[in-house]
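Below is the file my_file.txt, which contains compact mmCIF, C-alpha atoms.
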# COMPACT_ATOMS: atom_id res chain seq x y z
CA MET A 6 10.45 15.66 -29.23
CA ASP A 7 7.18 15.76 -31.20
CA ASN A 8 8.26 13.76 -34.26
CA TYR A 9 6.81 10.29 -33.78
CA ASN A 10 8.80 8.76 -36.63
CA GLN A 11 12.06 10.01 -35.12
CA ILE A 12 11.67 7.34 -32.44
CA PHE A 13 12.15 4.58 -35.02
CA GLU A 14 15.18 6.30 -36.48
CA ASN A 15 16.61 6.56 -32.97
CA ASN A 16 15.91 2.86 -32.49
CA ARG A 17 17.79 1.92 -35.67
CA LYS A 18 20.78 4.02 -34.59
CA TRP A 19 20.73 2.36 -31.15
CA VAL A 20 20.69 -1.11 -32.74
CA ALA A 21 23.56 -0.14 -35.01
CA SER A 22 25.61 1.17 -32.08
CA LYS A 23 25.11 -2.07 -30.14
CA THR A 24 25.88 -4.42 -33.01
CA ALA A 25 28.91 -2.36 -34.06
CA SER A 26 30.73 -3.40 -30.89
CA ASP A 27 29.12 -6.85 -30.59
CA ALA A 28 27.50 -8.39 -33.65
CA ASP A 29 25.72 -10.97 -31.48
CA PHE A 30 24.44 -8.50 -28.86
CA PHE A 31 20.75 -9.07 -29.56
CA LYS A 32 21.14 -12.80 -30.18
CA LYS A 33 22.60 -13.16 -26.70
CA LEU A 34 20.00 -10.82 -25.23
CA ALA A 35 17.20 -12.93 -26.70
CA VAL A 36 18.40 -16.12 -25.02
CA ASP A 37 17.57 -15.16 -21.42
CA GLN A 38 17.89 -12.49 -18.76
CA ASP A 39 19.98 -12.65 -15.60
CA PRO A 40 19.52 -9.34 -13.76
CA GLN A 41 21.15 -8.86 -10.38
CA PHE A 42 18.90 -5.91 -9.54
CA LEU A 43 15.20 -5.28 -9.23
CA TYR A 44 14.61 -1.53 -9.43
CA ILE A 45 11.32 -0.15 -8.10
CA GLY A 46 11.12 3.50 -9.05
CA CYS A 47 8.85 6.39 -9.88
CA SER A 48 7.21 6.69 -13.31
CA ASP A 49 8.68 10.19 -13.71
CA SER A 50 10.11 10.55 -17.23
CA ARG A 51 13.34 12.15 -15.96
CA ILE A 52 14.71 9.02 -14.29
CA PRO A 53 15.63 6.23 -16.75
CA ALA A 54 16.70 3.35 -14.52
CA ASN A 55 19.28 1.69 -16.79
CA ALA A 56 20.95 4.99 -17.68
CA VAL A 57 21.06 6.25 -14.09
CA MET A 58 22.59 2.97 -12.91
CA GLY A 59 24.92 2.64 -15.88
CA LEU A 60 23.59 -0.83 -16.69
CA GLU A 61 22.86 -2.54 -20.00
CA PRO A 62 19.62 -4.24 -21.10
CA GLY A 63 19.21 -7.52 -19.22
CA GLU A 64 21.04 -6.27 -16.11
CA VAL A 65 18.17 -4.66 -14.20
CA PHE A 66 14.49 -5.63 -13.94
CA VAL A 67 12.37 -2.48 -13.65
CA HIS A 68 9.01 -1.72 -12.08
CA ARG A 69 7.75 1.86 -11.94
CA ASN A 70 4.68 3.64 -10.62
CA VAL A 71 3.73 7.08 -9.35
CA GLY A 72 5.60 7.67 -6.10
CA ASN A 73 7.60 4.38 -6.19
CA LEU A 74 5.06 2.66 -3.95
CA VAL A 75 4.94 -0.95 -2.76
CA CYS A 76 1.31 -1.43 -1.74
CA ALA A 77 0.06 -4.66 -0.19
CA THR A 78 -2.97 -4.67 -2.50
CA ASP A 79 -1.04 -3.96 -5.72
CA LEU A 80 -0.83 -7.27 -7.59
CA ASN A 81 1.42 -5.68 -10.20
CA VAL A 82 4.31 -4.92 -7.86
CA ALA A 83 3.69 -8.13 -5.88
CA THR A 84 3.99 -10.20 -9.06
CA VAL A 85 7.16 -8.41 -10.11
CA ILE A 86 8.81 -8.95 -6.73
CA ASN A 87 7.78 -12.60 -6.55
CA TYR A 88 9.05 -13.31 -10.07
CA CYS A 89 12.35 -11.55 -9.49
CA VAL A 90 12.97 -13.21 -6.14
CA ARG A 91 11.81 -16.76 -6.84
CA HIS A 92 12.69 -17.14 -10.53
CA LEU A 93 15.34 -14.58 -11.48
CA ASN A 94 17.15 -14.82 -8.11
CA VAL A 95 17.98 -11.13 -7.99
CA LYS A 96 20.58 -10.18 -5.41
CA HIS A 97 19.40 -6.64 -4.73
CA ILE A 98 16.00 -4.95 -4.58
CA VAL A 99 16.23 -1.17 -4.85
CA VAL A 100 13.43 1.26 -4.07
CA CYS A 101 14.46 4.54 -5.69
CA GLY A 102 12.61 7.79 -5.12
CA HIS A 103 13.62 11.21 -6.36
CA TYR A 104 13.62 14.77 -5.12
CA ASN A 105 10.99 17.04 -6.71
CA CYS A 106 8.61 14.08 -6.99
CA GLY A 107 5.16 15.21 -8.14
CA GLY A 108 3.43 12.34 -6.36
CA VAL A 109 4.98 13.21 -3.01
CA LYS A 110 4.25 16.90 -3.50
CA ALA A 111 0.60 16.14 -4.30
CA ALA A 112 0.34 13.99 -1.18
CA MET A 113 1.52 16.94 0.92
CA GLN A 114 -1.56 18.92 -0.11
CA PRO A 115 -4.46 18.39 2.33
CA LYS A 116 -7.19 18.44 -0.29
CA ASP A 117 -9.34 16.17 -2.39
CA LEU A 118 -7.46 15.04 -5.50
CA GLY A 119 -10.14 12.74 -6.87
CA ILE A 120 -8.98 9.41 -8.30
CA LEU A 121 -5.50 10.07 -6.90
CA ASN A 122 -6.75 9.91 -3.30
CA PRO A 123 -6.44 6.13 -2.69
CA TRP A 124 -2.99 5.98 -4.28
CA LEU A 125 -1.63 9.07 -2.56
CA ARG A 126 -3.00 7.88 0.76
CA GLU A 127 -0.01 5.55 0.94
CA ILE A 128 2.32 8.57 0.94
CA ARG A 129 0.03 10.55 3.24
CA ASP A 130 0.24 7.64 5.68
CA VAL A 131 4.03 8.01 5.61
CA TYR A 132 3.54 11.67 6.54
CA ARG A 133 1.21 10.64 9.37
CA LEU A 134 3.75 8.14 10.72
CA HIS A 135 6.51 10.75 10.73
CA LYS A 136 4.40 13.84 11.40
CA GLU A 137 6.40 15.13 14.36
CA GLU A 138 9.72 15.00 12.50
CA LEU A 139 8.30 16.53 9.33
CA ASN A 140 6.31 19.30 11.04
CA ALA A 141 9.45 20.32 12.92
CA ILE A 142 11.14 21.18 9.60
CA ALA A 143 10.38 24.85 8.97
CA ASP A 144 11.65 25.04 5.40
CA GLU A 145 9.02 23.64 3.04
CA GLN A 146 11.51 22.36 0.45
CA GLN A 147 13.53 20.55 3.10
CA ARG A 148 10.31 19.03 4.49
CA TYR A 149 9.40 17.92 0.97
CA ASP A 150 12.83 16.35 0.43
CA ARG A 151 12.66 14.57 3.77
CA LEU A 152 9.25 13.11 2.95
CA VAL A 153 10.71 11.77 -0.29
CA GLU A 154 13.38 9.96 1.76
CA LEU A 155 10.95 8.69 4.38
CA ASN A 156 8.63 7.41 1.68
CA VAL A 157 11.48 5.39 0.19
CA GLU A 158 12.29 3.96 3.61
CA GLU A 159 8.68 2.94 4.24
CA GLN A 160 8.39 1.32 0.82
CA CYS A 161 11.57 -0.64 1.55
CA ILE A 162 9.92 -1.88 4.75
CA ASN A 163 6.91 -2.92 2.68
CA VAL A 164 9.21 -4.96 0.44
CA ILE A 165 10.79 -6.63 3.47
CA LYS A 166 7.34 -7.62 4.75
CA ILE A 167 6.81 -9.85 1.70
CA ALA A 168 7.02 -13.60 2.32
CA SER A 169 9.10 -14.46 -0.76
CA VAL A 170 11.73 -11.87 0.20
CA GLN A 171 12.01 -13.17 3.78
CA GLN A 172 12.09 -16.82 2.73
CA LYS A 173 14.65 -16.35 -0.04
CA PHE A 174 16.92 -14.34 2.26
CA GLU A 175 16.66 -17.10 4.89
CA GLU A 176 17.69 -19.66 2.26
CA THR A 177 20.43 -17.81 0.40
CA GLY A 178 21.30 -14.51 2.10
CA TYR A 179 19.69 -12.62 -0.77
CA PRO A 180 17.98 -10.42 -1.81
CA VAL A 181 19.12 -7.39 0.16
CA VAL A 182 16.79 -4.37 0.08
CA HIS A 183 18.19 -0.87 -0.49
CA GLY A 184 16.72 2.63 -0.43
CA TRP A 185 18.01 5.25 -2.86
CA VAL A 186 17.03 8.79 -3.85
CA PHE A 187 17.88 10.32 -7.23
CA ASP A 188 18.70 14.02 -7.24
CA VAL A 189 17.31 15.44 -10.48
CA LYS A 190 19.41 18.61 -10.08
CA THR A 191 22.74 16.77 -10.00
CA GLY A 192 22.02 13.40 -11.59
CA LEU A 193 23.51 11.64 -8.56
CA LEU A 194 22.09 8.74 -6.59
CA LYS A 195 21.97 8.95 -2.80
CA ASP A 196 22.15 5.71 -0.82
CA LEU A 197 20.02 6.05 2.32
CA LYS A 198 22.13 3.26 3.86
CA LEU A 199 19.26 1.36 5.40
CA ASP A 200 20.22 -1.41 7.81
CA PHE A 201 18.36 -4.15 5.98
CA GLU A 202 19.04 -6.97 8.41
CA LYS A 203 18.07 -4.88 11.45
CA ILE A 204 14.82 -3.80 9.79
CA LEU A 205 14.13 -7.44 8.89
CA ARG A 206 14.71 -8.60 12.47
CA ASP A 207 12.58 -5.80 13.91
CA ILE A 208 9.56 -6.34 11.68
CA GLN A 209 9.60 -10.13 12.01
CA GLU A 210 8.16 -9.76 15.49
CA ILE A 211 4.90 -9.14 13.61
CA TYR A 212 5.63 -9.94 9.96
CA ASN A 213 7.57 -13.18 10.35
CA LEU A 214 6.70 -15.10 7.18
CA ARG A 215 9.80 -17.27 6.91
CA ASP A 216 8.06 -20.50 7.83
CA THR A 217 6.37 -22.03 4.78
CA LYS A 218 4.90 -25.01 6.69
For the file at hand, write its structure as structure tokens.
Amino acid sequence: MDNYNQIFENNRKWVASKTASDADFFKKLAVDQDPQFLYIGCSDSRIPANAVMGLEPGEVFVHRNVGNLVCATDLNVATVINYCVRHLNVKHIVVCGHYNCGGVKAAMQPKDLGILNPWLREIRDVYRLHKEELNAIADEQQRYDRLVELNVEEQCINVIKIASVQQKFEETGYPVVHGWVFDVKTGLLKDLKLDFEKILRDIQEIYNLRDTK
């Protein structure tokens, strides 16, 4: 679409469709938000979080960046997670990657990519951690897909390392962290079925941040 003004026409049609079934839709939306999910996904334009999950506005809090990364030095994602956990009381934190991810593909190239280097290093570190498994995969596309999955798993671990996540889970049993991959070719979500509680127990040998005293 290259018609800028069409966006506003689309917006008016969307408003009309919402108010046709519920005249107070936006009045209720303006009062507050109570999402059960925090979705951390890739910035790729092909994966609209609400649409993929079949959820309405107000039902999912969304943070996106290139490669769906959760970096310890990224105050943006740290602020989002802290707000969602401590103030919105989300029940589920989802890290969602996708096959055919440009960020992951770029990270697989052993060459200087300029300003992208520090960001892609996070994904390259995932490759380094799982080098033996990945190098044993002869088919390049399958290796690429597997790195997408492993990157999601490692970013989930990074979420679980965060103090607010550990402390809130200790208090309430939530949030639970999940790893998903979106298949652009089919439109389907794949649950990687991570064992959240086992991962939490394992990493707390080093990253035990439950004690606030």
Within 12 Å of A:Lys198, counting all atoms listed in the file, which residues qualify if same-chain residues fewer than 5 places away don't, as a list of chain:residue names? A:Val99, A:Val100, A:Glu154, A:Val157, A:Glu158, A:Cys161, A:Val181, A:Val182, A:His183, A:Gly184, A:Trp185, A:Val186, A:Lys203, A:Ile204
Taking 3 positions as the minimum chain separation for residues in the same chain, which residues sit within 8 Å of stretch 69-76 of chain A when counting all atoms listed in the file? Answer as a PyMOL selection string. chain A and resi 45-49+79+82-83+100-102+106-109+127-128+157+160-161+163-164
Just checking: using only C-alpha atoms, which residue out of A:Asp188, A:Asp7, A:Asp37, A:Glu176 ends up closest to A:Val153?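 Nearest candidate to A:Val153 out of A:Asp188, A:Asp7, A:Asp37, A:Glu176: A:Asp188.
Across A:His97, A:Lys18, A:Lys33, A:Arg148, the tightest approach to A:Phe201 is made by A:His97 when counting only C-alpha atoms.
Computed from the coordinates, the atom CA of A:Lys116 to atom CA of A:Thr78 distance equals 23.6 Å.
Between A:Leu93 and the candidates A:Asp117, A:Asp39, A:Asp150, A:Glu61, the tightest atom-to-atom separation, counting all atoms listed in the file, involves A:Asp39.
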Report, in Å to a single decimal, how far apart atom CA of A:Tyr9 and atom CA of A:Ser22 are.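 Computing the Euclidean distance for atom CA of A:Ser22 and atom CA of A:Tyr9 yields 21.0 Å.
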Point out the residue among A:Lys195, A:His103, A:Lys110, A:Ile120 with the least atom-to-atom distance to A:Ser50, counting only C-alpha atoms.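 Going through A:Lys195, A:His103, A:Lys110, A:Ile120 one by one, the smallest distance to A:Ser50 is for A:His103.
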Would you mind writing stretch 33-61 of chain A with N, CA and C atoms, as a PDB file, keeping the file's coordinate frame?
ATOM      1  N   LYS A  33      22.348 -12.769 -28.088  1.00  0.00           N
ATOM      2  CA  LYS A  33      22.600 -13.160 -26.700  1.00  0.00           C
ATOM      3  C   LYS A  33      21.512 -12.623 -25.772  1.00  0.00           C
ATOM      4  N   LEU A  34      21.040 -11.417 -26.054  1.00  0.00           N
ATOM      5  CA  LEU A  34      20.000 -10.820 -25.230  1.00  0.00           C
ATOM      6  C   LEU A  34      18.704 -11.620 -25.322  1.00  0.00           C
ATOM      7  N   ALA A  35      18.443 -12.191 -26.487  1.00  0.00           N
ATOM      8  CA  ALA A  35      17.200 -12.930 -26.700  1.00  0.00           C
ATOM      9  C   ALA A  35      17.172 -14.279 -25.989  1.00  0.00           C
ATOM     10  N   VAL A  36      18.341 -14.791 -25.618  1.00  0.00           N
ATOM     11  CA  VAL A  36      18.400 -16.120 -25.020  1.00  0.00           C
ATOM     12  C   VAL A  36      17.761 -16.147 -23.641  1.00  0.00           C
ATOM     13  N   ASP A  37      18.089 -15.179 -22.792  1.00  0.00           N
ATOM     14  CA  ASP A  37      17.570 -15.160 -21.420  1.00  0.00           C
ATOM     15  C   ASP A  37      17.982 -13.849 -20.767  1.00  0.00           C
ATOM     16  N   GLN A  38      17.476 -13.639 -19.546  1.00  0.00           N
ATOM     17  CA  GLN A  38      17.890 -12.490 -18.760  1.00  0.00           C
ATOM     18  C   GLN A  38      18.408 -12.972 -17.405  1.00  0.00           C
ATOM     19  N   ASP A  39      19.393 -12.276 -16.890  1.00  0.00           N
ATOM     20  CA  ASP A  39      19.980 -12.650 -15.600  1.00  0.00           C
ATOM     21  C   ASP A  39      20.294 -11.393 -14.793  1.00  0.00           C
ATOM     22  N   PRO A  40      19.268 -10.588 -14.481  1.00  0.00           N
ATOM     23  CA  PRO A  40      19.520  -9.340 -13.760  1.00  0.00           C
ATOM     24  C   PRO A  40      19.887  -9.604 -12.296  1.00  0.00           C
ATOM     25  N   GLN A  41      20.789  -8.792 -11.795  1.00  0.00           N
ATOM     26  CA  GLN A  41      21.150  -8.860 -10.380  1.00  0.00           C
ATOM     27  C   GLN A  41      20.308  -7.902  -9.548  1.00  0.00           C
ATOM     28  N   PHE A  42      19.659  -6.959 -10.222  1.00  0.00           N
ATOM     29  CA  PHE A  42      18.900  -5.910  -9.540  1.00  0.00           C
ATOM     30  C   PHE A  42      17.439  -5.906  -9.960  1.00  0.00           C
ATOM     31  N   LEU A  43      16.574  -5.697  -8.978  1.00  0.00           N
ATOM     32  CA  LEU A  43      15.200  -5.280  -9.230  1.00  0.00           C
ATOM     33  C   LEU A  43      15.118  -3.828  -8.781  1.00  0.00           C
ATOM     34  N   TYR A  44      14.717  -2.958  -9.696  1.00  0.00           N
ATOM     35  CA  TYR A  44      14.610  -1.530  -9.430  1.00  0.00           C
ATOM     36  C   TYR A  44      13.134  -1.155  -9.386  1.00  0.00           C
ATOM     37  N   ILE A  45      12.684  -0.635  -8.245  1.00  0.00           N
ATOM     38  CA  ILE A  45      11.320  -0.150  -8.100  1.00  0.00           C
ATOM     39  C   ILE A  45      11.398   1.360  -7.980  1.00  0.00           C
ATOM     40  N   GLY A  46      10.954   2.055  -9.023  1.00  0.00           N
ATOM     41  CA  GLY A  46      11.120   3.500  -9.050  1.00  0.00           C
ATOM     42  C   GLY A  46       9.853   4.227  -9.428  1.00  0.00           C
ATOM     43  N   CYS A  47       9.969   5.535  -9.508  1.00  0.00           N
ATOM     44  CA  CYS A  47       8.850   6.390  -9.880  1.00  0.00           C
ATOM     45  C   CYS A  47       8.699   6.419 -11.400  1.00  0.00           C
ATOM     46  N   SER A  48       7.477   6.628 -11.868  1.00  0.00           N
ATOM     47  CA  SER A  48       7.210   6.690 -13.310  1.00  0.00           C
ATOM     48  C   SER A  48       7.708   7.966 -13.959  1.00  0.00           C
ATOM     49  N   ASP A  49       8.211   8.903 -13.190  1.00  0.00           N
ATOM     50  CA  ASP A  49       8.680  10.190 -13.710  1.00  0.00           C
ATOM     51  C   ASP A  49       9.622   9.988 -14.906  1.00  0.00           C
ATOM     52  N   SER A  50       9.370  10.733 -15.976  1.00  0.00           N
ATOM     53  CA  SER A  50      10.110  10.550 -17.230  1.00  0.00           C
ATOM     54  C   SER A  50      11.581  10.970 -17.148  1.00  0.00           C
ATOM     55  N   ARG A  51      11.965  11.637 -16.069  1.00  0.00           N
ATOM     56  CA  ARG A  51      13.340  12.150 -15.960  1.00  0.00           C
ATOM     57  C   ARG A  51      14.314  11.144 -15.387  1.00  0.00           C
ATOM     58  N   ILE A  52      13.827   9.975 -14.964  1.00  0.00           N
ATOM     59  CA  ILE A  52      14.710   9.020 -14.290  1.00  0.00           C
ATOM     60  C   ILE A  52      14.710   7.677 -15.006  1.00  0.00           C
ATOM     61  N   PRO A  53      15.517   7.520 -16.067  1.00  0.00           N
ATOM     62  CA  PRO A  53      15.630   6.230 -16.750  1.00  0.00           C
ATOM     63  C   PRO A  53      16.535   5.285 -15.959  1.00  0.00           C
ATOM     64  N   ALA A  54      15.983   4.203 -15.472  1.00  0.00           N
ATOM     65  CA  ALA A  54      16.700   3.350 -14.520  1.00  0.00           C
ATOM     66  C   ALA A  54      18.032   2.844 -15.061  1.00  0.00           C
ATOM     67  N   ASN A  55      18.035   2.244 -16.254  1.00  0.00           N
ATOM     68  CA  ASN A  55      19.280   1.690 -16.790  1.00  0.00           C
ATOM     69  C   ASN A  55      20.360   2.761 -16.927  1.00  0.00           C
ATOM     70  N   ALA A  56      19.968   3.925 -17.454  1.00  0.00           N
ATOM     71  CA  ALA A  56      20.950   4.990 -17.680  1.00  0.00           C
ATOM     72  C   ALA A  56      21.511   5.511 -16.371  1.00  0.00           C
ATOM     73  N   VAL A  57      20.638   5.730 -15.393  1.00  0.00           N
ATOM     74  CA  VAL A  57      21.060   6.250 -14.090  1.00  0.00           C
ATOM     75  C   VAL A  57      22.029   5.286 -13.409  1.00  0.00           C
ATOM     76  N   MET A  58      21.762   3.989 -13.560  1.00  0.00           N
ATOM     77  CA  MET A  58      22.590   2.970 -12.910  1.00  0.00           C
ATOM     78  C   MET A  58      23.782   2.565 -13.760  1.00  0.00           C
ATOM     79  N   GLY A  59      23.820   3.013 -15.006  1.00  0.00           N
ATOM     80  CA  GLY A  59      24.920   2.640 -15.880  1.00  0.00           C
ATOM     81  C   GLY A  59      24.915   1.179 -16.262  1.00  0.00           C
ATOM     82  N   LEU A  60      23.715   0.594 -16.394  1.00  0.00           N
ATOM     83  CA  LEU A  60      23.590  -0.830 -16.690  1.00  0.00           C
ATOM     84  C   LEU A  60      22.992  -1.038 -18.082  1.00  0.00           C
ATOM     85  N   GLU A  61      23.308  -2.187 -18.660  1.00  0.00           N
ATOM     86  CA  GLU A  61      22.860  -2.540 -20.000  1.00  0.00           C
ATOM     87  C   GLU A  61      21.516  -3.285 -19.935  1.00  0.00           C
TER      88      GLU A  61
END
